[in-house]
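Student: Supplied structure: protein-v1.pdb, PDB, C-alpha atoms.
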ATOM      1  CA  MET A   1      -9.870  14.950 -33.045  1.00  0.00           C
ATOM      2  CA  PRO A   2      -7.386  17.300 -31.358  1.00  0.00           C
ATOM      3  CA  GLU A   3      -4.319  15.806 -29.737  1.00  0.00           C
ATOM      4  CA  PRO A   4      -4.280  16.095 -25.920  1.00  0.00           C
ATOM      5  CA  ASP A   5      -1.243  18.399 -25.986  1.00  0.00           C
ATOM      6  CA  HIS A   6      -3.087  20.879 -28.229  1.00  0.00           C
ATOM      7  CA  ILE A   7      -5.900  21.769 -25.866  1.00  0.00           C
ATOM      8  CA  PRO A   8      -7.455  25.148 -26.687  1.00  0.00           C
ATOM      9  CA  ALA A   9      -7.566  27.912 -24.101  1.00  0.00           C
ATOM     10  CA  PRO A  10     -10.981  28.697 -22.603  1.00  0.00           C
ATOM     11  CA  PRO A  11     -12.638  31.900 -23.815  1.00  0.00           C
ATOM     12  CA  ALA A  12     -11.949  35.038 -21.782  1.00  0.00           C
ATOM     13  CA  ASP A  13     -15.593  36.179 -21.803  1.00  0.00           C
ATOM     14  CA  GLY A  14     -16.637  33.681 -19.127  1.00  0.00           C
ATOM     15  CA  ALA A  15     -18.969  31.700 -21.409  1.00  0.00           C
ATOM     16  CA  PRO A  16     -19.292  28.038 -20.419  1.00  0.00           C
ATOM     17  CA  THR A  17     -16.611  26.106 -22.171  1.00  0.00           C
ATOM     18  CA  VAL A  18     -15.282  22.621 -21.855  1.00  0.00           C
ATOM     19  CA  TYR A  19     -12.621  20.394 -23.221  1.00  0.00           C
ATOM     20  CA  ALA A  20     -13.757  16.858 -23.968  1.00  0.00           C
ATOM     21  CA  VAL A  21     -11.893  14.290 -26.025  1.00  0.00           C
ATOM     22  CA  VAL A  22     -11.912  10.548 -26.611  1.00  0.00           C
ATOM     23  CA  THR A  23      -8.579   9.383 -27.979  1.00  0.00           C
ATOM     24  CA  GLU A  24      -6.222   6.442 -28.372  1.00  0.00           C
ATOM     25  CA  ALA A  25      -3.282   8.666 -27.426  1.00  0.00           C
ATOM     26  CA  PRO A  26      -1.888   8.737 -23.880  1.00  0.00           C
ATOM     27  CA  LEU A  27      -3.636  11.410 -21.809  1.00  0.00           C
ATOM     28  CA  ASP A  28      -1.863  14.616 -20.800  1.00  0.00           C
ATOM     29  CA  ARG A  29      -3.017  15.498 -17.268  1.00  0.00           C
ATOM     30  CA  VAL A  30      -0.982  18.714 -17.183  1.00  0.00           C
ATOM     31  CA  ALA A  31      -2.622  20.035 -20.353  1.00  0.00           C
ATOM     32  CA  VAL A  32      -6.109  19.124 -19.101  1.00  0.00           C
ATOM     33  CA  GLU A  33      -5.426  20.948 -15.821  1.00  0.00           C
ATOM     34  CA  ALA A  34      -4.036  23.978 -17.651  1.00  0.00           C
ATOM     35  CA  PHE A  35      -7.285  24.224 -19.607  1.00  0.00           C
ATOM     36  CA  VAL A  36      -9.405  24.661 -16.462  1.00  0.00           C
ATOM     37  CA  LEU A  37      -7.083  26.662 -14.220  1.00  0.00           C
ATOM     38  CA  SER A  38      -7.293  30.465 -14.144  1.00  0.00           C
ATOM     39  CA  GLN A  39      -5.940  33.201 -11.907  1.00  0.00           C
ATOM     40  CA  ARG A  40      -9.250  33.406 -10.037  1.00  0.00           C
ATOM     41  CA  ASP A  41      -9.004  29.785  -8.896  1.00  0.00           C
ATOM     42  CA  GLY A  42      -7.639  28.670  -5.554  1.00  0.00           C
ATOM     43  CA  ALA A  43      -8.443  24.978  -5.998  1.00  0.00           C
ATOM     44  CA  LEU A  44      -7.684  22.460  -8.715  1.00  0.00           C
ATOM     45  CA  VAL A  45      -9.108  18.951  -8.468  1.00  0.00           C
ATOM     46  CA  THR A  46      -8.164  16.268 -10.954  1.00  0.00           C
ATOM     47  CA  PHE A  47      -9.296  12.664 -11.076  1.00  0.00           C
ATOM     48  CA  GLU A  48      -7.235  10.064 -12.888  1.00  0.00           C
ATOM     49  CA  GLY A  49      -8.796   6.686 -13.549  1.00  0.00           C
ATOM     50  CA  VAL A  50      -5.852   4.270 -13.485  1.00  0.00           C
ATOM     51  CA  ILE A  51      -5.925   0.660 -14.700  1.00  0.00           C
ATOM     52  CA  ARG A  52      -5.512  -1.618 -11.669  1.00  0.00           C
ATOM     53  CA  ASP A  53      -4.401  -5.268 -11.523  1.00  0.00           C
ATOM     54  CA  HIS A  54      -7.621  -6.686 -10.056  1.00  0.00           C
ATOM     55  CA  ASP A  55     -11.402  -6.415 -10.077  1.00  0.00           C
ATOM     56  CA  HIS A  56     -13.678  -8.077  -7.534  1.00  0.00           C
ATOM     57  CA  GLY A  57     -10.821 -10.313  -6.402  1.00  0.00           C
ATOM     58  CA  ASP A  58      -9.907 -11.491  -9.905  1.00  0.00           C
ATOM     59  CA  PRO A  59      -6.457 -10.682 -11.318  1.00  0.00           C
ATOM     60  CA  VAL A  60      -6.608  -8.334 -14.330  1.00  0.00           C
ATOM     61  CA  SER A  61      -3.723  -8.162 -16.816  1.00  0.00           C
ATOM     62  CA  ALA A  62      -5.026  -5.525 -19.255  1.00  0.00           C
ATOM     63  CA  LEU A  63      -8.119  -3.695 -20.478  1.00  0.00           C
ATOM     64  CA  ASP A  64      -9.505  -2.872 -23.890  1.00  0.00           C
ATOM     65  CA  TYR A  65     -11.739   0.213 -24.071  1.00  0.00           C
ATOM     66  CA  SER A  66     -14.248   0.528 -26.911  1.00  0.00           C
ATOM     67  CA  ALA A  67     -16.324   3.600 -27.647  1.00  0.00           C
ATOM     68  CA  HIS A  68     -19.509   4.336 -29.528  1.00  0.00           C
ATOM     69  CA  PRO A  69     -18.779   6.532 -32.579  1.00  0.00           C
ATOM     70  CA  ASP A  70     -20.564   9.430 -30.807  1.00  0.00           C
ATOM     71  CA  ALA A  71     -18.819   8.920 -27.445  1.00  0.00           C
ATOM     72  CA  GLU A  72     -16.950  12.212 -27.695  1.00  0.00           C
ATOM     73  CA  ARG A  73     -20.234  14.051 -28.332  1.00  0.00           C
ATOM     74  CA  PHE A  74     -21.731  12.437 -25.206  1.00  0.00           C
ATOM     75  CA  LEU A  75     -18.624  13.322 -23.194  1.00  0.00           C
ATOM     76  CA  ARG A  76     -18.787  16.943 -24.371  1.00  0.00           C
ATOM     77  CA  ALA A  77     -22.517  17.176 -23.538  1.00  0.00           C
ATOM     78  CA  THR A  78     -21.836  15.827 -20.045  1.00  0.00           C
ATOM     79  CA  CYS A  79     -19.004  18.292 -19.503  1.00  0.00           C
ATOM     80  CA  LEU A  80     -21.173  21.195 -20.719  1.00  0.00           C
ATOM     81  CA  GLU A  81     -23.986  20.147 -18.406  1.00  0.00           C
ATOM     82  CA  VAL A  82     -21.669  20.077 -15.371  1.00  0.00           C
ATOM     83  CA  ALA A  83     -20.093  23.396 -16.417  1.00  0.00           C
ATOM     84  CA  ARG A  84     -23.520  25.046 -16.652  1.00  0.00           C
ATOM     85  CA  GLU A  85     -24.714  23.587 -13.347  1.00  0.00           C
ATOM     86  CA  THR A  86     -21.601  24.585 -11.433  1.00  0.00           C
ATOM     87  CA  GLY A  87     -20.505  27.723 -13.281  1.00  0.00           C
ATOM     88  CA  LEU A  88     -17.005  26.232 -13.517  1.00  0.00           C
ATOM     89  CA  THR A  89     -14.756  25.301 -16.426  1.00  0.00           C
ATOM     90  CA  VAL A  90     -14.362  21.543 -16.709  1.00  0.00           C
ATOM     91  CA  ALA A  91     -12.271  19.241 -18.852  1.00  0.00           C
ATOM     92  CA  ALA A  92     -12.217  15.512 -19.449  1.00  0.00           C
ATOM     93  CA  ALA A  93     -10.287  13.135 -21.663  1.00  0.00           C
ATOM     94  CA  HIS A  94     -10.968   9.410 -21.993  1.00  0.00           C
ATOM     95  CA  ARG A  95      -8.663   6.935 -23.602  1.00  0.00           C
ATOM     96  CA  VAL A  96      -9.762   4.011 -25.766  1.00  0.00           C
ATOM     97  CA  GLY A  97      -7.880   1.021 -27.125  1.00  0.00           C
ATOM     98  CA  ALA A  98      -5.585  -1.429 -25.359  1.00  0.00           C
ATOM     99  CA  LEU A  99      -4.394  -0.241 -21.937  1.00  0.00           C
ATOM    100  CA  GLY A 100      -2.083  -1.930 -19.467  1.00  0.00           C
ATOM    101  CA  ILE A 101      -1.847  -1.901 -15.698  1.00  0.00           C
ATOM    102  CA  GLY A 102      -0.934   1.602 -14.516  1.00  0.00           C
ATOM    103  CA  ASP A 103      -2.161   3.358 -17.671  1.00  0.00           C
ATOM    104  CA  VAL A 104      -4.544   6.291 -17.236  1.00  0.00           C
ATOM    105  CA  ALA A 105      -7.942   5.775 -18.843  1.00  0.00           C
ATOM    106  CA  LEU A 106      -9.697   8.976 -17.713  1.00  0.00           C
ATOM    107  CA  VAL A 107      -8.578  12.441 -16.687  1.00  0.00           C
ATOM    108  CA  ALA A 108     -11.258  14.807 -15.384  1.00  0.00           C
ATOM    109  CA  SER A 109     -10.346  18.211 -14.002  1.00  0.00           C
ATOM    110  CA  VAL A 110     -12.165  21.158 -12.425  1.00  0.00           C
ATOM    111  CA  ALA A 111     -10.849  24.411 -10.971  1.00  0.00           C
ATOM    112  CA  ALA A 112     -12.760  26.702  -8.637  1.00  0.00           C
ATOM    113  CA  PRO A 113     -12.158  29.586  -6.249  1.00  0.00           C
ATOM    114  CA  HIS A 114     -12.536  27.199  -3.282  1.00  0.00           C
ATOM    115  CA  ARG A 115     -11.788  23.507  -2.675  1.00  0.00           C
ATOM    116  CA  ALA A 116     -15.258  22.324  -1.642  1.00  0.00           C
ATOM    117  CA  GLU A 117     -16.864  23.360  -4.915  1.00  0.00           C
ATOM    118  CA  ALA A 118     -13.943  21.953  -6.936  1.00  0.00           C
ATOM    119  CA  PHE A 119     -14.157  18.559  -5.191  1.00  0.00           C
ATOM    120  CA  ALA A 120     -17.948  18.433  -5.566  1.00  0.00           C
ATOM    121  CA  ALA A 121     -17.867  19.405  -9.238  1.00  0.00           C
ATOM    122  CA  CYS A 122     -15.130  16.907 -10.093  1.00  0.00           C
ATOM    123  CA  ALA A 123     -17.005  14.090  -8.330  1.00  0.00           C
ATOM    124  CA  LEU A 124     -20.185  15.049 -10.187  1.00  0.00           C
ATOM    125  CA  LEU A 125     -18.304  15.159 -13.491  1.00  0.00           C
ATOM    126  CA  VAL A 126     -16.718  11.726 -13.045  1.00  0.00           C
ATOM    127  CA  ASP A 127     -20.002  10.123 -11.922  1.00  0.00           C
ATOM    128  CA  ARG A 128     -21.853  11.534 -14.925  1.00  0.00           C
ATOM    129  CA  ILE A 129     -19.124  10.530 -17.362  1.00  0.00           C
ATOM    130  CA  LYS A 130     -19.311   6.947 -16.099  1.00  0.00           C
ATOM    131  CA  GLU A 131     -23.132   6.980 -16.302  1.00  0.00           C
ATOM    132  CA  ARG A 132     -23.582   8.661 -19.688  1.00  0.00           C
ATOM    133  CA  THR A 133     -20.578   8.228 -21.946  1.00  0.00           C
ATOM    134  CA  PRO A 134     -20.853   5.109 -24.122  1.00  0.00           C
ATOM    135  CA  ILE A 135     -17.390   3.712 -23.481  1.00  0.00           C
ATOM    136  CA  TRP A 136     -17.054   0.075 -22.447  1.00  0.00           C
ATOM    137  CA  LYS A 137     -14.181  -1.977 -21.138  1.00  0.00           C
ATOM    138  CA  ARG A 138     -13.206  -5.590 -21.646  1.00  0.00           C
ATOM    139  CA  GLN A 139     -11.015  -6.960 -18.874  1.00  0.00           C
ATOM    140  CA  HIS A 140      -8.392  -9.578 -19.573  1.00  0.00           C
ATOM    141  CA  LEU A 141      -8.322 -11.917 -16.573  1.00  0.00           C
ATOM    142  CA  ALA A 142      -5.861 -14.549 -15.400  1.00  0.00           C
ATOM    143  CA  GLY A 143      -6.180 -17.799 -17.296  1.00  0.00           C
ATOM    144  CA  GLY A 144      -6.894 -16.040 -20.597  1.00  0.00           C
ATOM    145  CA  THR A 145     -10.591 -15.275 -20.063  1.00  0.00           C
ATOM    146  CA  THR A 146     -12.150 -11.889 -20.705  1.00  0.00           C
ATOM    147  CA  GLU A 147     -15.262 -10.109 -19.466  1.00  0.00           C
ATOM    148  CA  TRP A 148     -17.098  -6.960 -20.486  1.00  0.00           C
ATOM    149  CA  VAL A 149     -17.786  -4.434 -17.741  1.00  0.00           C
ATOM    150  CA  ASN A 150     -20.778  -2.050 -17.709  1.00  0.00           C
ATOM    151  CA  LEU A 151     -21.830  -3.141 -21.174  1.00  0.00           C
TER     152      LEU A 151
END
Kindly present the structure from the file in structure tokens form.
Tutor:
Amino acid sequence: MPEPDHIPAPPADGAPTVYAVVTEAPLDRVAVEAFVLSQRDGALVTFEGVIRDHDHGDPVSALDYSAHPDAERFLRATCLEVARETGLTVAAAHRVGALGIGDVALVASVAAPHRAEAFAACALLVDRIKERTPIWKRQHLAGGTTEWVNL
């Protein structure tokens, strides 16, 4: 699995290409954005999923993310699908393992000539990643209990 700071450049021929990785390493937003951004783009939209300290009113102290062995393949397929539908270059990286409050669990980025299409494509990408990529989280709650989310 490539390290986030070694993201390949997209091909110059305009063929649909994506960057998709599932890793235990901290995510590099700048590298993900650099993958999608080209000189023809006037808009760059990036979503960062950040670990918060609560869920549904319950205090959360940490999260553990677990992934299916084929999670990266699912993530790549989702990114390719969005790239083909939108004609844009997309990139996403999802972290697994133990994460604390404030850590970034997901970076998804899209660049486009105009902002409306970049916002729409990034929202579509994030929604599909959450729906289709087999990555689950276990929340550590106050009092020492845990719960699985979207399992």
Student: Can you give me, as a list in words, the residues this file yields under the PyMOL selection byres ((chain A and resi 109) around 8)?
Tutor: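 In the shown coordinates, the PyMOL selection byres ((chain A and resi 109) around 8) covers Val32, Glu33, Val36, Leu44, Val45, Thr46, Phe47, Val90, Ala91, Ala92, Val107, Ala108, Val110, Ala111 and Cys122 of chain A.
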Student: Those residues with C-alpha atoms, as a PDB file, keeping the file's coordinate frame please?
Tutor:
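result06.pdb was written with the following content:
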ATOM      1  CA  VAL A  32      -6.109  19.124 -19.101  1.00  0.00           C
ATOM      2  CA  GLU A  33      -5.426  20.948 -15.821  1.00  0.00           C
ATOM      3  CA  VAL A  36      -9.405  24.661 -16.462  1.00  0.00           C
ATOM      4  CA  LEU A  44      -7.684  22.460  -8.715  1.00  0.00           C
ATOM      5  CA  VAL A  45      -9.108  18.951  -8.468  1.00  0.00           C
ATOM      6  CA  THR A  46      -8.164  16.268 -10.954  1.00  0.00           C
ATOM      7  CA  PHE A  47      -9.296  12.664 -11.076  1.00  0.00           C
ATOM      8  CA  VAL A  90     -14.362  21.543 -16.709  1.00  0.00           C
ATOM      9  CA  ALA A  91     -12.271  19.241 -18.852  1.00  0.00           C
ATOM     10  CA  ALA A  92     -12.217  15.512 -19.449  1.00  0.00           C
ATOM     11  CA  VAL A 107      -8.578  12.441 -16.687  1.00  0.00           C
ATOM     12  CA  ALA A 108     -11.258  14.807 -15.384  1.00  0.00           C
ATOM     13  CA  VAL A 110     -12.165  21.158 -12.425  1.00  0.00           C
ATOM     14  CA  ALA A 111     -10.849  24.411 -10.971  1.00  0.00           C
ATOM     15  CA  CYS A 122     -15.130  16.907 -10.093  1.00  0.00           C
TER      16      CYS A 122
END
Student: Which of these, A:Pro26, A:His68, A:Asp41, A:Gly49, has the shortest distance to A:Arg115 once you count all atoms listed in the file?
Tutor: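 Among A:Pro26, A:His68, A:Asp41, A:Gly49, it is A:Asp41 that comes nearest to A:Arg115.
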Student: Name the residues that the PyMOL selection byres ((chain A and resi 129) around 10) pulls out of this structure, and write them as an MDAnalysis selection string.
Tutor: chainID A and resid 74:79 92 94 106 108 123:128 130:135
Student: Excluding A:Gly42 and any residue of its chain fewer than 4 positions from it, enumerate the residues within 7 Å of it, using only C-alpha atoms, and give them as a list in words.
Tutor: Ala112, Pro113 and His114 of chain A
Student: With all atoms listed in the file as the counted atoms, please give the residues lying no more than 12 Å from A:Gly57, apart from itself and same-chain residues fewer than 5 positions off, as a PyMOL selection string.
Tutor: chain A and resi 52+141-142
Student: Suppose you want the space between atom CA of A:Asp103 and atom CA of A:His54; what is it in Å?
Tutor: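 We find that atom CA of A:Asp103 and atom CA of A:His54 lie 13.7 Å from each other.
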Student: So, with only C-alpha atoms as the atoms that count, which of A:Thr17, A:Thr23, A:Thr146, A:Gln139 lies closest to A:Ala71?
Tutor: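 Of A:Thr17, A:Thr23, A:Thr146, A:Gln139, the one nearest A:Ala71, counting only C-alpha atoms, is A:Thr23.
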Student: Which of these, A:Ala121, A:Gly144, A:Val60, A:Asp55, has the shortest distance to A:Glu81 once you count all atoms listed in the file?
Tutor: A:Ala121
Student: Hey, could you pull the box centre and edge lengths for stretch 128-135 of chain A, axis-aligned, 5 Å padding per side, all listed atoms, to one decimal in Å, as JSON?
Tutor:
{"center_x": -20.5, "center_y": 7.6, "center_z": -19.5, "size_x": 16.2, "size_y": 17.8, "size_z": 19.2}
Student: If you measure from atom CA of A:Ala93 to atom CA of A:Ser38, what distance in Å do you get, rounded to one decimal?
Tutor: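 We find that atom CA of A:Ala93 and atom CA of A:Ser38 lie 19.1 Å from each other.
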Student: Taking the file as I've supplied it (selection: the PyMOL selection byres ((chain A and resi 64) around 7)), which residues are included? Please answer as a list in words.
Tutor: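 This file, filtered by the PyMOL selection byres ((chain A and resi 64) around 7), leaves Ala62, Leu63, Tyr65, Ser66, Gly97, Ala98, Leu99, Lys137, Arg138 and Gln139 of chain A.
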Student: For C-alpha atoms, I'd like the residues from the last selection saved as a PDB file, keeping the file's coordinate frame.
Tutor:
ATOM      1  CA  ALA A  62      -5.026  -5.525 -19.255  1.00  0.00           C
ATOM      2  CA  LEU A  63      -8.119  -3.695 -20.478  1.00  0.00           C
ATOM      3  CA  TYR A  65     -11.739   0.213 -24.071  1.00  0.00           C
ATOM      4  CA  SER A  66     -14.248   0.528 -26.911  1.00  0.00           C
ATOM      5  CA  GLY A  97      -7.880   1.021 -27.125  1.00  0.00           C
ATOM      6  CA  ALA A  98      -5.585  -1.429 -25.359  1.00  0.00           C
ATOM      7  CA  LEU A  99      -4.394  -0.241 -21.937  1.00  0.00           C
ATOM      8  CA  LYS A 137     -14.181  -1.977 -21.138  1.00  0.00           C
ATOM      9  CA  ARG A 138     -13.206  -5.590 -21.646  1.00  0.00           C
ATOM     10  CA  GLN A 139     -11.015  -6.960 -18.874  1.00  0.00           C
TER      11      GLN A 139
END
Student: Just give me the gap between atom CA of A:Arg95 and atom CA of A:Gly143 in Å, one decimal is fine.
Tutor: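 These atoms are spaced 25.6 Å apart.
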Student: For A:Ala116, which residue out of A:Val21, A:Ala34, A:Val96, A:Ala43 is the nearest one, using all atoms listed in the file?
Tutor: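 The answer is A:Ala43, which sits nearest to A:Ala116.
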Student: With distances taken over all atoms listed in the file, which residue among A:Val30, A:Val22, A:Ala83, A:Val149 lies nearest A:Ala67?
Tutor: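 Of the candidates, the smallest distance to A:Ala67 is held by A:Val22.
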Student: Can you put N, CA and C atoms back into stretch 34-52 of chain A and show it as a compact mmCIF listing (two decimals), keeping the file's coordinate frame?
Tutor:
# COMPACT_ATOMS: atom_id res chain seq x y z
N ALA A 34 -4.31 22.62 -17.18
CA ALA A 34 -4.04 23.98 -17.65
C ALA A 34 -5.26 24.58 -18.33
N PHE A 35 -6.07 23.74 -18.96
CA PHE A 35 -7.28 24.22 -19.61
C PHE A 35 -8.26 24.82 -18.59
N VAL A 36 -8.39 24.21 -17.42
CA VAL A 36 -9.40 24.66 -16.46
C VAL A 36 -8.90 25.73 -15.50
N LEU A 37 -7.62 25.79 -15.26
CA LEU A 37 -7.08 26.66 -14.22
C LEU A 37 -6.95 28.11 -14.69
N SER A 38 -7.44 29.04 -13.86
CA SER A 38 -7.29 30.46 -14.14
C SER A 38 -6.78 31.17 -12.89
N GLN A 39 -6.48 32.44 -13.03
CA GLN A 39 -5.94 33.20 -11.91
C GLN A 39 -6.96 33.40 -10.79
N ARG A 40 -8.23 33.23 -11.07
CA ARG A 40 -9.25 33.41 -10.04
C ARG A 40 -9.43 32.15 -9.18
N ASP A 41 -8.81 31.06 -9.58
CA ASP A 41 -9.00 29.78 -8.90
C ASP A 41 -7.99 29.55 -7.79
N GLY A 42 -8.49 29.04 -6.67
CA GLY A 42 -7.64 28.67 -5.55
C GLY A 42 -7.62 27.17 -5.32
N ALA A 43 -8.38 26.43 -6.15
CA ALA A 43 -8.44 24.98 -6.00
C ALA A 43 -8.47 24.32 -7.37
N LEU A 44 -7.71 23.26 -7.50
CA LEU A 44 -7.68 22.46 -8.72
C LEU A 44 -7.84 21.00 -8.29
N VAL A 45 -8.88 20.36 -8.79
CA VAL A 45 -9.11 18.95 -8.47
C VAL A 45 -9.11 18.16 -9.77
N THR A 46 -8.28 17.13 -9.79
CA THR A 46 -8.16 16.27 -10.95
C THR A 46 -8.33 14.82 -10.52
N PHE A 47 -9.12 14.10 -11.28
CA PHE A 47 -9.30 12.66 -11.08
C PHE A 47 -8.60 11.95 -12.22
N GLU A 48 -7.81 10.95 -11.88
CA GLU A 48 -7.24 10.06 -12.89
C GLU A 48 -7.74 8.66 -12.63
N GLY A 49 -8.38 8.08 -13.61
CA GLY A 49 -8.80 6.69 -13.55
C GLY A 49 -7.66 5.83 -14.06
N VAL A 50 -7.05 5.05 -13.17
CA VAL A 50 -5.85 4.27 -13.48
C VAL A 50 -6.22 2.79 -13.56
N ILE A 51 -5.66 2.09 -14.53
CA ILE A 51 -5.92 0.66 -14.70
C ILE A 51 -5.25 -0.09 -13.56
N ARG A 52 -6.04 -0.85 -12.80
CA ARG A 52 -5.51 -1.62 -11.67
C ARG A 52 -5.38 -3.09 -12.05
